[in-house]
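Q: Below you'll find work_17.csv; it's CSV, C-alpha atoms.
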```
chain,number,residue,atom,x,y,z
A,1,MET,CA,130.1,108.6,79.5
A,2,LEU,CA,127.1,109.8,81.4
A,3,GLY,CA,125.2,110.4,78.2
A,4,GLY,CA,125.9,106.8,77.1
A,5,SER,CA,124.6,105.5,80.4
A,6,ILE,CA,121.4,107.5,80.0
A,7,THR,CA,121.0,106.2,76.5
A,8,ASP,CA,121.6,102.6,77.6
A,9,ALA,CA,119.0,103.1,80.4
A,10,LYS,CA,116.4,104.3,77.9
A,11,ILE,CA,117.0,101.3,75.6
A,12,GLU,CA,116.7,98.9,78.5
A,13,GLY,CA,113.6,100.7,79.7
A,14,ASN,CA,112.0,100.4,76.2
A,15,ARG,CA,112.9,96.7,76.0
A,16,TYR,CA,111.3,96.1,79.4
A,17,LEU,CA,108.0,97.8,78.4
A,18,VAL,CA,107.9,95.8,75.2
A,19,PHE,CA,108.6,92.6,77.1
A,20,ILE,CA,105.8,93.3,79.5
A,21,LYS,CA,103.4,93.8,76.6
A,22,LEU,CA,104.6,90.6,75.0
A,23,ILE,CA,103.9,88.5,78.0
A,24,PHE,CA,100.2,88.5,77.4
A,25,ASN,CA,100.7,87.0,73.9
A,26,PHE,CA,103.0,84.2,75.1
A,27,ALA,CA,100.2,81.9,76.3
A,28,ASP,CA,99.7,80.5,72.8
A,29,PHE,CA,103.3,79.5,72.5
A,30,PHE,CA,103.7,77.9,75.9
A,31,SER,CA,100.4,76.1,75.7
A,32,GLY,CA,101.9,74.1,72.8
A,33,ASN,CA,98.8,74.7,70.7
A,34,LEU,CA,100.5,76.5,67.8
A,35,ASN,CA,101.0,74.7,64.5
A,36,HIS,CA,104.7,75.5,64.2
A,37,ALA,CA,105.3,71.7,64.4
A,38,ASP,CA,109.0,71.0,65.2
A,39,GLN,CA,110.5,73.6,62.8
A,40,TYR,CA,111.6,75.8,65.7
A,41,GLN,CA,112.9,73.1,67.9
A,42,ILE,CA,116.6,72.6,68.6
A,43,ALA,CA,117.2,68.9,69.0
A,44,PHE,CA,120.3,68.9,71.1
A,45,SER,CA,120.3,65.3,72.4
A,46,GLY,CA,123.0,63.3,70.7
A,47,LEU,CA,124.9,66.4,69.5
A,48,HIS,CA,128.6,66.3,70.5
A,49,PRO,CA,130.0,69.2,72.6
A,50,GLY,CA,131.1,72.1,70.5
A,51,THR,CA,129.7,74.6,68.0
A,52,HIS,CA,126.5,73.9,66.0
A,53,THR,CA,124.6,76.1,63.6
A,54,PHE,CA,120.9,76.3,62.9
A,55,ASP,CA,119.1,78.3,60.2
A,56,PHE,CA,115.4,79.2,60.9
A,57,GLN,CA,113.2,80.9,58.4
A,58,ILE,CA,110.2,82.7,59.8
A,59,GLY,CA,107.2,83.6,57.7
A,60,ASP,CA,103.6,84.9,57.9
A,61,THR,CA,102.2,81.8,59.5
A,62,PHE,CA,104.5,82.2,62.6
A,63,PHE,CA,102.9,85.6,63.4
A,64,GLU,CA,99.4,84.9,62.3
A,65,GLN,CA,98.9,82.2,64.9
A,66,VAL,CA,99.1,84.7,67.8
A,67,LYS,CA,96.0,86.7,68.5
A,68,ASP,CA,96.2,90.5,68.6
A,69,ALA,CA,99.9,90.5,67.7
A,70,GLU,CA,101.5,93.7,66.6
A,71,ILE,CA,103.3,91.9,63.8
A,72,THR,CA,100.9,90.5,61.2
A,73,GLY,CA,103.4,88.8,58.9
A,74,GLY,CA,107.1,88.9,57.8
A,75,ASP,CA,110.1,87.3,56.3
A,76,VAL,CA,112.8,86.9,58.9
A,77,SER,CA,116.0,84.8,58.9
A,78,VAL,CA,117.5,83.7,62.2
A,79,ILE,CA,121.0,82.1,62.3
A,80,VAL,CA,121.6,80.4,65.6
A,81,THR,CA,125.1,79.5,66.6
A,82,MET,CA,125.0,77.1,69.6
A,83,VAL,CA,128.0,76.2,71.8
A,84,LYS,CA,127.0,72.9,73.5
A,85,GLU,CA,128.6,71.9,76.7
A,86,GLU,CA,127.8,68.9,78.9
A,87,ARG,CA,124.9,70.6,80.8
A,88,MET,CA,124.5,73.9,79.1
A,89,MET,CA,123.9,75.4,75.7
A,90,ASP,CA,125.0,79.0,74.8
A,91,LEU,CA,122.9,80.3,71.9
A,92,HIS,CA,123.8,83.3,69.8
A,93,LEU,CA,121.1,84.5,67.5
A,94,ALA,CA,121.6,86.7,64.4
A,95,ILE,CA,118.2,88.1,63.3
A,96,SER,CA,117.6,89.9,60.0
A,97,GLY,CA,114.6,90.5,57.8
A,98,LYS,CA,111.4,92.5,57.6
A,99,VAL,CA,108.0,92.4,59.3
A,100,SER,CA,104.6,93.9,58.6
A,101,VAL,CA,103.1,96.2,61.2
A,102,ALA,CA,100.4,99.0,61.3
A,103,CYS,CA,101.6,102.5,60.7
A,104,ASP,CA,101.1,104.7,63.8
A,105,ARG,CA,99.8,107.6,61.7
A,106,CYS,CA,97.5,106.0,59.1
A,107,ASN,CA,97.1,102.5,60.5
A,108,GLU,CA,97.8,100.9,57.1
A,109,LEU,CA,100.3,98.0,57.0
A,110,MET,CA,103.9,98.8,56.4
A,111,ASP,CA,107.2,96.8,56.2
A,112,VAL,CA,109.8,97.4,58.9
A,113,GLU,CA,113.3,96.0,58.9
A,114,VAL,CA,114.5,94.1,61.9
A,115,ASN,CA,118.2,93.4,62.5
A,116,GLY,CA,119.9,92.5,65.7
A,117,HIS,CA,121.7,89.9,67.9
A,118,GLU,CA,120.5,88.1,71.0
A,119,ARG,CA,122.0,85.6,73.4
A,120,LEU,CA,120.2,82.9,75.3
A,121,ILE,CA,121.7,80.4,77.7
A,122,VAL,CA,119.9,77.1,78.3
A,123,LYS,CA,120.9,75.0,81.3
A,124,LEU,CA,119.8,71.5,82.3
A,125,GLY,CA,118.3,71.1,85.7
A,126,ASP,CA,115.5,69.5,87.8
A,127,HIS,CA,112.6,71.4,86.2
A,128,TYR,CA,111.5,74.3,84.0
A,129,TYR,CA,112.2,77.7,85.4
A,130,GLU,CA,113.7,81.1,84.4
A,131,GLU,CA,116.9,81.8,86.2
A,132,SER,CA,117.2,85.3,84.6
A,133,GLU,CA,116.0,87.1,81.5
A,134,ASP,CA,118.7,85.5,79.4
A,135,VAL,CA,119.0,82.1,81.2
A,136,GLN,CA,116.5,79.3,81.0
A,137,VAL,CA,116.6,76.0,82.8
A,138,ILE,CA,114.9,72.9,81.4
A,139,PRO,CA,114.7,69.3,82.8
A,140,ASP,CA,117.8,67.2,82.2
A,141,THR,CA,115.5,64.6,80.7
A,142,SER,CA,114.7,66.9,77.8
A,143,HIS,CA,115.8,66.0,74.3
A,144,GLN,CA,115.0,69.3,72.5
A,145,PHE,CA,114.3,73.0,73.2
A,146,ASP,CA,111.5,75.0,71.7
A,147,LEU,CA,112.9,78.4,70.6
A,148,SER,CA,109.6,79.8,69.1
A,149,PRO,CA,108.5,82.0,72.1
A,150,PHE,CA,112.0,83.5,72.3
A,151,LEU,CA,112.1,84.2,68.6
A,152,TYR,CA,108.7,85.9,68.9
A,153,GLU,CA,110.0,88.1,71.8
A,154,TYR,CA,113.3,89.0,70.2
A,155,ILE,CA,111.8,90.0,66.9
A,156,HIS,CA,109.3,92.3,68.7
A,157,LEU,CA,112.0,93.8,70.8
A,158,LEU,CA,113.7,94.9,67.5
A,159,LEU,CA,110.7,96.9,66.4
A,160,PRO,CA,111.2,100.7,66.5
A,161,ILE,CA,109.1,102.5,69.2
A,162,ARG,CA,107.6,104.8,66.5
A,163,ARG,CA,106.4,103.1,63.3
A,164,VAL,CA,105.5,105.5,60.5
A,165,HIS,CA,105.6,105.3,56.7
A,166,PRO,CA,108.7,106.9,55.4
A,167,GLU,CA,108.8,109.8,52.9
A,168,ASP,CA,109.4,109.2,49.2
A,169,GLU,CA,112.1,110.9,47.1
A,170,SER,CA,110.0,114.1,46.8
A,171,GLY,CA,109.6,114.3,50.6
A,172,LYS,CA,105.9,113.2,50.5
A,173,SER,CA,104.7,110.7,53.1
A,174,GLU,CA,103.9,107.2,51.9
A,175,CYS,CA,100.9,107.0,54.2
A,176,ASP,CA,97.4,106.4,52.8
A,177,PRO,CA,96.5,109.8,51.4
A,178,GLU,CA,92.8,109.4,52.1
A,179,ILE,CA,93.5,108.7,55.8
A,180,ILE,CA,95.8,111.7,56.0
A,181,LYS,CA,93.2,113.8,54.4
A,182,LYS,CA,90.6,112.7,57.0
A,183,LEU,CA,93.0,113.3,59.9
A,184,LYS,CA,93.7,116.8,58.6
A,185,GLU,CA,90.0,117.6,58.4
A,186,LEU,CA,89.4,116.3,61.9
A,187,SER,CA,92.3,118.4,63.1
A,188,GLU,CA,90.9,121.6,61.4
A,189,ARG,CA,87.5,120.9,63.0
A,190,HIS,CA,89.1,120.6,66.4
A,191,ILE,CA,90.8,124.0,66.0
A,192,GLN,CA,87.7,125.8,64.6
A,193,ASP,CA,85.3,124.5,67.3
A,194,PRO,CA,84.7,127.6,69.6
A,195,ARG,CA,84.1,125.2,72.6
A,196,TRP,CA,87.8,124.4,72.7
A,197,GLU,CA,88.7,128.0,73.0
A,198,VAL,CA,86.3,128.3,76.0
A,199,LEU,CA,88.0,125.4,77.6
A,200,ASN,CA,91.5,126.8,77.0
A,201,GLN,CA,90.4,130.1,78.7
A,202,LEU,CA,89.2,128.1,81.7
A,203,LYS,CA,92.5,126.3,81.9
A,204,LYS,CA,94.4,129.6,81.9
A,205,LYS,CA,92.3,130.8,84.9
```
Please lay out the structure from this file as structure tokens.

A:
Amino acid sequence: MLGGSITDAKIEGNRYLVFIKLIFNFADFFSGNLNHADQYQIAFSGLHPGTHTFDFQIGDTFFEQVKDAEITGGDVSVIVTMVKEERMMDLHLAISGKVSVACDRCNELMDVEVNGHERLIVKLGDHYYEESEDVQVIPDTSHQFDLSPFLYEYIHLLLPIRRVHPEDESGKSECDPEIIKKLKELSERHIQDPRWEVLNQLKKK
């Protein structure tokens, strides 16, 4: 039980670090300057209370509009099941697909699968504010809700902490061989440089 708690704490810690990193990329979304039109809007006004389903397809353009984003492209499907009440919407998101990110070893682009579930509660109130990480409040005069910044966040949170090209059937890395060769040469130079040995001796003293 204790081990499970520690694991859960690590996962939450990783999610928090990724979330902090993402905050600096959210300005483009909240400024409303992105060209995602209305394709990621949930128009809830006029919908009767009950369950409604929305299907969002996210492609390269979605990620390309954010500067310095870790994800450069992708093909992701998001199925949103929304339970609408009089003054609240309970959204359950099923996310699946793949995205393109840089390999941590060779820096070449690679595809990474993303799969997961998220939940977001949207309440109607006097003004916009975040009640908690999973609860957003919007003005009761609103007719639709922009899901794009949350889609951006949730997909990034599903990325593995370490992103490295996998090995092929023969056990050979799929990283760019030229880059790996250069890295190996640099590593060997580092080891052979006598100045490093002098520094190591000083550290021991």

Q: Using CA of Val76 (chain A) and CA of Ala43 (chain A) as the two end points, give the distance in Å to one decimal.

A: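 One can read the CA of Val76 (chain A) to CA of Ala43 (chain A) distance as 21.1 Å.
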
Q: Which of these, A:Ile42, A:Val83, A:Leu47, A:Val78, has the shortest distance to Tyr152 (chain A) once you count all atoms listed in the file?

A: A:Val78

Q: Can you pull out the residues contacting region 88-94 of chain A? Cut-off 7 Å, using only C-alpha atoms, and skip same-chain residues under 2 positions away; I want them as a list in words.

A: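 After dropping sequence-adjacent residues, the list is Val78, Ile79, Val80, Thr81, Met82, Val83, Lys84, Glu85, Glu86, Ser96, Gly116, His117, Glu118, Arg119, Leu120, Ile121, Val122, Lys123 and Leu124 of chain A.
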
Q: What is the CA of Cys106 (chain A)-CA of Ile180 (chain A) distance in Å, reported with one decimal?

A: 6.7 Å

Q: Tell me which protein, DNA and RNA residues are within 10 Å of Asp176 (chain A), counting only C-alpha atoms, leaving out same-chain ones fewer than 2 positions away, and put them as an MDAnalysis selection string.

A: chainID A and resid 103 105:109 165 173:174 178:181

Q: Suppose you want the space between CA of Tyr154 (chain A) and CA of Ile95 (chain A); what is it in Å?

A: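 About the pair CA of Tyr154 (chain A) and CA of Ile95 (chain A): they are 8.5 Å apart.
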